[in-house]
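Colleague: One structure coming up, written as structure tokens, with questions to follow.
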Amino acid sequence: MSQPEQKHYLEQELMQLLRSDESVFSFLQKGSLDGLWYWDLEDQHNEWMSPEFWHTLGYDPAQKSHKVSEWQDIIFQEDLAQCIENFNKHCDDPSHPYDQVVRYQHADGSTVWIRCRGLAIRDENGKPVRMLGAHQDITELKQAELNIKAMQARFELAAEGASVGIWDWVDVEKSEEIWTPKFYELLGYAPNEITASLENFRAFLHPGDQAHTFAAVNRHFEENTPFDVEYRLKTKSGEYKWFRGTGIASRDESGKPQRMVGSIQDIHSSKLYEDELERTIIKLKQSNDDLERFAYVASHDLQEPLRVVTSYVQLLTRRYRDRLDKNAADFCDYIVDGCSRMQKLINDLLEFSRVGRDKLEKQKVDLQEIVESVKQSLARQIDLCAAIVSYENLPVVRANSAQIERLMQNLVSNSLKYKRESVPPEILISGTEKADRWEISVKDNGIGIEKKYFDRIFVIFQRLHGIGEYSGTGVGLAVCKRIVGTHGGDIWLESAPGEGSTFTFSLPKGA
């Protein structure tokens, strides 16, 4: 019997049993072709294993003997202990099944998951004398199960960290649902403290949110649009809190919704913040509108009395200059000069106010044409100080032509005003293309500005020099900043005392 070509006596015996014992045949019918084994319990070192038994585990059957030790050496030891325990219980009590999942080490070192089932063959006295078994390779199924458990664990961990409660509407034709413990917790309840059902969810839902929430469910069912809704749910304390609800339906072959799974996420704090922020924005906008209207009306109404004062002081000077002493004449000149500066300040304030109030109509604007127009407007100043104004790489942009010309004129005029003594101004206007914007720079060789004043110069009415040193009202650069802001850009400065200044502003592409 030890010769390889001779059939194992247990194999021959099994053949006889198949022909004579219906219970053995029935067992094999329920078993598997992934491997069979037959064990002589009277000589427990002797066992027969079918070739497929070894093929499943990656071994050559010709290299394996029919010995118990052959498989006991490659089974996981903790699983072997389980097999022995179940084997003993089955031998003592036929009603106790010999059926378990065990792990074997494959020939390549990997793990093979096997469902191992067995049936004790007994003598006329009921004593087990043989054990017939079947192997079924369930490695793929087990691996899929482990993957699902791992995914579920990661999902539950992520859901826990994100304060997400999961709900499962198992059958959309019925009311029953499943809620995770976190779902209950978000509403202030202990798990399963109340019945998970569509009716209870509807009872928790704020009356003002019911219509749009269930309308969103119906749209998801009928049009497959995303279900993503914000609504309020009543907590155990009686307080309504804001949640974000999302979900997706699974459908049958015809596309009919069968089941829907989703989540709720606590957004109460962020929702309250958003509401408060929106109210604050509305108040700020209303306040800004009121301030702009006040500035416009006040500046406009100041024009007439100022013109009256100026006219009468000038008339007084012309008619009675020969009767006034020198001090009185100087006083009149001071009044006229003050009125003139006041007139300029009012005009600048009106311009500043209009930048925010006027409708921003955009069109294609050629910045080269804008610079040429600015040079003509400032021709007298340019000639007086022998300035050189040049430009390069200026693009065509979408912008408000009048505002961009005013912006450019303010920046060039600023460079002419703050020139160095006895040094002709040199002003270069250039463009640099970025991925999403154009950056336009106005560079000069003037007196420059200390870094600590960079932010201050863009604030309205802020002046770095006395009235006697340089003219102006301190509004020009504030107007520049506002024009750039209305176009969705930004403006900044690079400068150093005695080394000139470079004002750069950005204009978004396609804005």
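Letters A, B, ... mark the chains of the structure tokens in the order given; residue numbers begin at 1 per chain; ligand numbers begin at 1, in order shown.
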So that each row is one residue of range 17-109 of chain A with an atom at most 12 Å from range 124-127 of chain A, can you give its shortest atom pair and the distance in Å to one decimal, using only C-alpha atoms, rows by chain and rising number, as a Markdown table?
Modeller:
| residue | atom | partner | partner_atom | distance |
| --- | --- | --- | --- | --- |
| A:Leu41 | CA | A:Lys127 | CA | 10.1 |
| A:Glu42 | CA | A:Lys127 | CA | 10.6 |
| A:His90 | CA | A:Lys127 | CA | 11.4 |
| A:Cys91 | CA | A:Lys127 | CA | 8.0 |
| A:Asp92 | CA | A:Lys127 | CA | 8.9 |
| A:Asp93 | CA | A:Gly126 | CA | 10.2 |
| A:Pro94 | CA | A:Gly126 | CA | 9.4 |
Colleague: Mind dumping the selected residues with C-alpha atoms as a PDB file, in the first residue's frame?
Modeller:
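Heads up, here's the output in selection_17.pdb:
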ATOM      1  CA  LEU A  41      -9.819   7.313  13.292  1.00  0.00           C
ATOM      2  CA  GLU A  42      -8.576   3.901  14.354  1.00  0.00           C
ATOM      3  CA  HIS A  90     -18.972  16.206  16.781  1.00  0.00           C
ATOM      4  CA  CYS A  91     -17.683  12.781  17.741  1.00  0.00           C
ATOM      5  CA  ASP A  92     -19.485  12.972  21.086  1.00  0.00           C
ATOM      6  CA  ASP A  93     -22.683  14.453  19.644  1.00  0.00           C
ATOM      7  CA  PRO A  94     -23.632  13.886  15.960  1.00  0.00           C
TER       8      PRO A  94
END
Colleague: Can you tell me, as an NGL selection string, what residues are no more than 10 Å from range 404-413 of chain A when counting only C-alpha atoms, ignoring any on the same chain fewer than 4 positions away?
Modeller: :A and (351 or 365 or 367 or 369-375 or 377-378 or 381-382 or 389 or 399-400 or 417-418 or 427-429 or 440-444 or 475-477 or 479-484 or 487 or 502-505)
Colleague: Dump C-alpha atoms for the selected residues as a PDB file, in the first residue's frame?
Modeller:
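Saved as result06.pdb:
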ATOM      1  CA  GLU A 351     -15.004 112.062  -7.028  1.00  0.00           C
ATOM      2  CA  VAL A 365      -9.630  99.443 -22.830  1.00  0.00           C
ATOM      3  CA  LEU A 367      -3.902 101.082 -21.797  1.00  0.00           C
ATOM      4  CA  GLU A 369      -4.290 104.917 -25.527  1.00  0.00           C
ATOM      5  CA  ILE A 370      -5.096 105.707 -21.892  1.00  0.00           C
ATOM      6  CA  VAL A 371      -1.478 106.725 -21.193  1.00  0.00           C
ATOM      7  CA  GLU A 372      -1.356 108.902 -24.324  1.00  0.00           C
ATOM      8  CA  SER A 373      -4.543 110.653 -23.188  1.00  0.00           C
ATOM      9  CA  VAL A 374      -3.051 111.183 -19.706  1.00  0.00           C
ATOM     10  CA  LYS A 375       0.130 112.651 -21.228  1.00  0.00           C
ATOM     11  CA  SER A 377      -3.952 116.128 -20.056  1.00  0.00           C
ATOM     12  CA  LEU A 378      -0.764 116.643 -18.053  1.00  0.00           C
ATOM     13  CA  GLN A 381       3.120 119.859 -15.995  1.00  0.00           C
ATOM     14  CA  ILE A 382       5.301 117.469 -17.998  1.00  0.00           C
ATOM     15  CA  VAL A 389       6.957 109.608 -19.565  1.00  0.00           C
ATOM     16  CA  ALA A 399     -12.368  97.859 -17.439  1.00  0.00           C
ATOM     17  CA  ASN A 400     -14.183 101.163 -17.027  1.00  0.00           C
ATOM     18  CA  LYS A 417       4.546 116.245  -7.989  1.00  0.00           C
ATOM     19  CA  TYR A 418       6.992 114.344  -5.774  1.00  0.00           C
ATOM     20  CA  ILE A 427       8.319 107.799 -15.365  1.00  0.00           C
ATOM     21  CA  LEU A 428       7.987 104.283 -16.851  1.00  0.00           C
ATOM     22  CA  ILE A 429       4.583 102.611 -17.115  1.00  0.00           C
ATOM     23  CA  ILE A 440       0.550  97.505 -14.213  1.00  0.00           C
ATOM     24  CA  SER A 441       3.467  99.428 -12.653  1.00  0.00           C
ATOM     25  CA  VAL A 442       4.143 103.170 -12.578  1.00  0.00           C
ATOM     26  CA  LYS A 443       7.819 103.632 -11.678  1.00  0.00           C
ATOM     27  CA  ASP A 444       9.495 107.026 -11.050  1.00  0.00           C
ATOM     28  CA  VAL A 475      -7.611 112.023  -1.667  1.00  0.00           C
ATOM     29  CA  GLY A 476      -5.856 111.033  -4.920  1.00  0.00           C
ATOM     30  CA  LEU A 477      -4.294 107.739  -3.840  1.00  0.00           C
ATOM     31  CA  VAL A 479      -9.349 107.242  -5.133  1.00  0.00           C
ATOM     32  CA  CYS A 480      -6.789 105.022  -6.887  1.00  0.00           C
ATOM     33  CA  LYS A 481      -7.234 102.270  -4.296  1.00  0.00           C
ATOM     34  CA  ARG A 482     -10.999 102.481  -4.599  1.00  0.00           C
ATOM     35  CA  ILE A 483     -10.952 102.310  -8.398  1.00  0.00           C
ATOM     36  CA  VAL A 484      -8.704  99.252  -8.343  1.00  0.00           C
ATOM     37  CA  HIS A 487     -12.316  96.263 -10.575  1.00  0.00           C
ATOM     38  CA  THR A 502       6.837 102.065  -7.946  1.00  0.00           C
ATOM     39  CA  PHE A 503       3.049 101.888  -7.633  1.00  0.00           C
ATOM     40  CA  THR A 504       1.670  98.589  -8.974  1.00  0.00           C
ATOM     41  CA  PHE A 505      -1.966  97.682  -9.427  1.00  0.00           C
TER      42      PHE A 505
END
Colleague: Nearest residue to Gly488 in chain A out of A:Pro191, A:Gly500, A:Pro508, A:Pro305, using only C-alpha atoms?
Modeller: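 Nearest to Gly488 in chain A: A:Pro508.
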Colleague: Can you list every residue in range 127-315 of chain A that DSSP puts in strand (DSSP E), as a PyMOL selection string?
Modeller: chain A and resi 128-137+164-169+178-179+227-234+240-251+257-266
Colleague: Which residues, written as a list of chain:residue names, have at least one atom at most 6 Å from range 128-135 of chain A, with only C-alpha atoms counted and residues fewer than 6 positions away on the same chain left out?
Modeller: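 The filter keeps A:Gly31, A:Asp34, A:Gly35, A:Leu36, A:Trp37, A:Tyr38, A:Trp39, A:Asp40, A:Leu41, A:Arg115, A:Cys116, A:Arg117, A:Gly118, A:Leu119, A:Ala120, A:Ile121, A:Arg122.
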Colleague: Write the residues of the preceding selection, restricted to N, CA and C atoms, as a JSON list (two decimals), in the first residue's frame.
Modeller:
[["chain", "number", "residue", "atom", "x", "y", "z"],
["A", 31, "GLY", "N", -20.92, 19.51, -0.15],
["A", 31, "GLY", "CA", -19.54, 19.94, 0.06],
["A", 31, "GLY", "C", -18.99, 20.69, -1.14],
["A", 34, "ASP", "N", -13.23, 21.59, -3.95],
["A", 34, "ASP", "CA", -11.94, 22.22, -3.67],
["A", 34, "ASP", "C", -11.04, 21.31, -2.85],
["A", 35, "GLY", "N", -11.53, 20.16, -2.48],
["A", 35, "GLY", "CA", -10.67, 19.23, -1.74],
["A", 35, "GLY", "C", -11.49, 18.29, -0.87],
["A", 36, "LEU", "N", -11.15, 17.02, -0.89],
["A", 36, "LEU", "CA", -11.79, 16.03, -0.03],
["A", 36, "LEU", "C", -10.71, 15.33, 0.82],
["A", 37, "TRP", "N", -11.16, 14.90, 1.99],
["A", 37, "TRP", "CA", -10.25, 14.12, 2.84],
["A", 37, "TRP", "C", -11.06, 13.06, 3.58],
["A", 38, "TYR", "N", -10.34, 11.95, 3.87],
["A", 38, "TYR", "CA", -10.99, 10.81, 4.54],
["A", 38, "TYR", "C", -9.98, 10.29, 5.56],
["A", 39, "TRP", "N", -10.44, 10.15, 6.83],
["A", 39, "TRP", "CA", -9.51, 9.94, 7.94],
["A", 39, "TRP", "C", -9.86, 8.65, 8.68],
["A", 40, "ASP", "N", -8.85, 7.86, 8.88],
["A", 40, "ASP", "CA", -9.01, 6.61, 9.64],
["A", 40, "ASP", "C", -8.81, 6.93, 11.12],
["A", 41, "LEU", "N", -9.91, 6.94, 11.88],
["A", 41, "LEU", "CA", -9.82, 7.31, 13.29],
["A", 41, "LEU", "C", -9.23, 6.20, 14.16],
["A", 115, "ARG", "N", -13.18, 26.84, 4.19],
["A", 115, "ARG", "CA", -14.30, 26.36, 5.01],
["A", 115, "ARG", "C", -14.17, 24.84, 5.08],
["A", 116, "CYS", "N", -13.98, 24.33, 6.27],
["A", 116, "CYS", "CA", -13.73, 22.89, 6.47],
["A", 116, "CYS", "C", -14.93, 22.26, 7.17],
["A", 117, "ARG", "N", -15.56, 21.33, 6.49],
["A", 117, "ARG", "CA", -16.71, 20.62, 7.05],
["A", 117, "ARG", "C", -16.41, 19.11, 7.09],
["A", 118, "GLY", "N", -17.02, 18.42, 8.06],
["A", 118, "GLY", "CA", -16.75, 16.98, 8.18],
["A", 118, "GLY", "C", -17.96, 16.21, 8.68],
["A", 119, "LEU", "N", -17.93, 14.92, 8.42],
["A", 119, "LEU", "CA", -19.00, 14.02, 8.85],
["A", 119, "LEU", "C", -18.36, 12.76, 9.41],
["A", 120, "ALA", "N", -18.71, 12.40, 10.64],
["A", 120, "ALA", "CA", -18.18, 11.19, 11.26],
["A", 120, "ALA", "C", -18.93, 9.96, 10.74],
["A", 121, "ILE", "N", -18.15, 8.95, 10.29],
["A", 121, "ILE", "CA", -18.73, 7.67, 9.88],
["A", 121, "ILE", "C", -18.63, 6.73, 11.09],
["A", 122, "ARG", "N", -19.77, 6.18, 11.50],
["A", 122, "ARG", "CA", -19.82, 5.44, 12.76],
["A", 122, "ARG", "C", -20.10, 3.96, 12.51]]
Colleague: Pick from A:Ser430, A:Thr486, A:Gln403, A:Thr317: nearest to Tyr391 in chain A, with only C-alpha atoms counted?
Modeller: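 Counting only C-alpha atoms, the residue closest to Tyr391 in chain A is A:Ser430.
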Colleague: Env of range 333-343 of chain A: 7 Å cut, atoms = only C-alpha atoms, seq-sep filter 4 positions within chain, self excluded. Answer as a PyMOL selection string.
Modeller: chain A and resi 306+310+313+329+347
Colleague: For the structure I just gave you, how does DSSP split range 251-290 of chain A - specifically, which residues are helix (DSSP H, G or I)? Reply as a compact mmCIF listing (two decimals) with C-alpha atoms, in the first residue's frame.
Modeller:
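What ended up in result_36.txt:
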# COMPACT_ATOMS: atom_id res chain seq x y z
CA HIS A 268 -25.40 74.64 13.74
CA SER A 269 -22.46 76.80 14.84
CA SER A 270 -21.34 77.60 11.30
CA LYS A 271 -24.94 78.34 10.25
CA LEU A 272 -25.40 80.78 13.11
CA TYR A 273 -22.07 82.39 12.18
CA GLU A 274 -23.13 82.68 8.53
CA ASP A 275 -26.45 84.26 9.51
CA GLU A 276 -24.72 86.73 11.82
CA LEU A 277 -22.14 87.50 9.14
CA GLU A 278 -24.87 88.09 6.56
CA ARG A 279 -26.69 90.47 8.91
CA THR A 280 -23.42 92.30 9.60
CA ILE A 281 -22.68 92.60 5.87
CA ILE A 282 -26.15 94.04 5.27
CA LYS A 283 -25.66 96.56 8.08
CA LEU A 284 -22.21 97.53 6.78
CA LYS A 285 -23.52 97.96 3.26
CA GLN A 286 -26.38 100.09 4.52
CA SER A 287 -23.93 102.13 6.62
CA ASN A 288 -21.57 102.58 3.67
CA ASP A 289 -24.45 103.61 1.43
CA ASP A 290 -25.58 106.14 4.04
Colleague: For each of A:Asp322, A:Glu85, A:Glu185, A:Asp73, take the minimum atom-to-atom distance to Val164 in chain A, counting only C-alpha atoms, then give the residue where this is smallest.
Modeller: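 Residue with the minimum atom-to-atom distance to Val164 in chain A: A:Glu185.
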Colleague: Could you give me, as an MDAnalysis selection string, the residues within 8 Å of range 61-72 of chain A, counting only C-alpha atoms and dropping anything in the same chain fewer than 2 positions from it?
Modeller: chainID A and resid 44:49 51 54:55 59 74:75 80
Colleague: With only C-alpha atoms as the basis for distance, which of A:Val229, A:Leu493, A:Leu187, A:Ala379 is at the shortest distance from Arg456 in chain A?
Modeller: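 Result for the nearest residue to Arg456 in chain A: A:Leu493.
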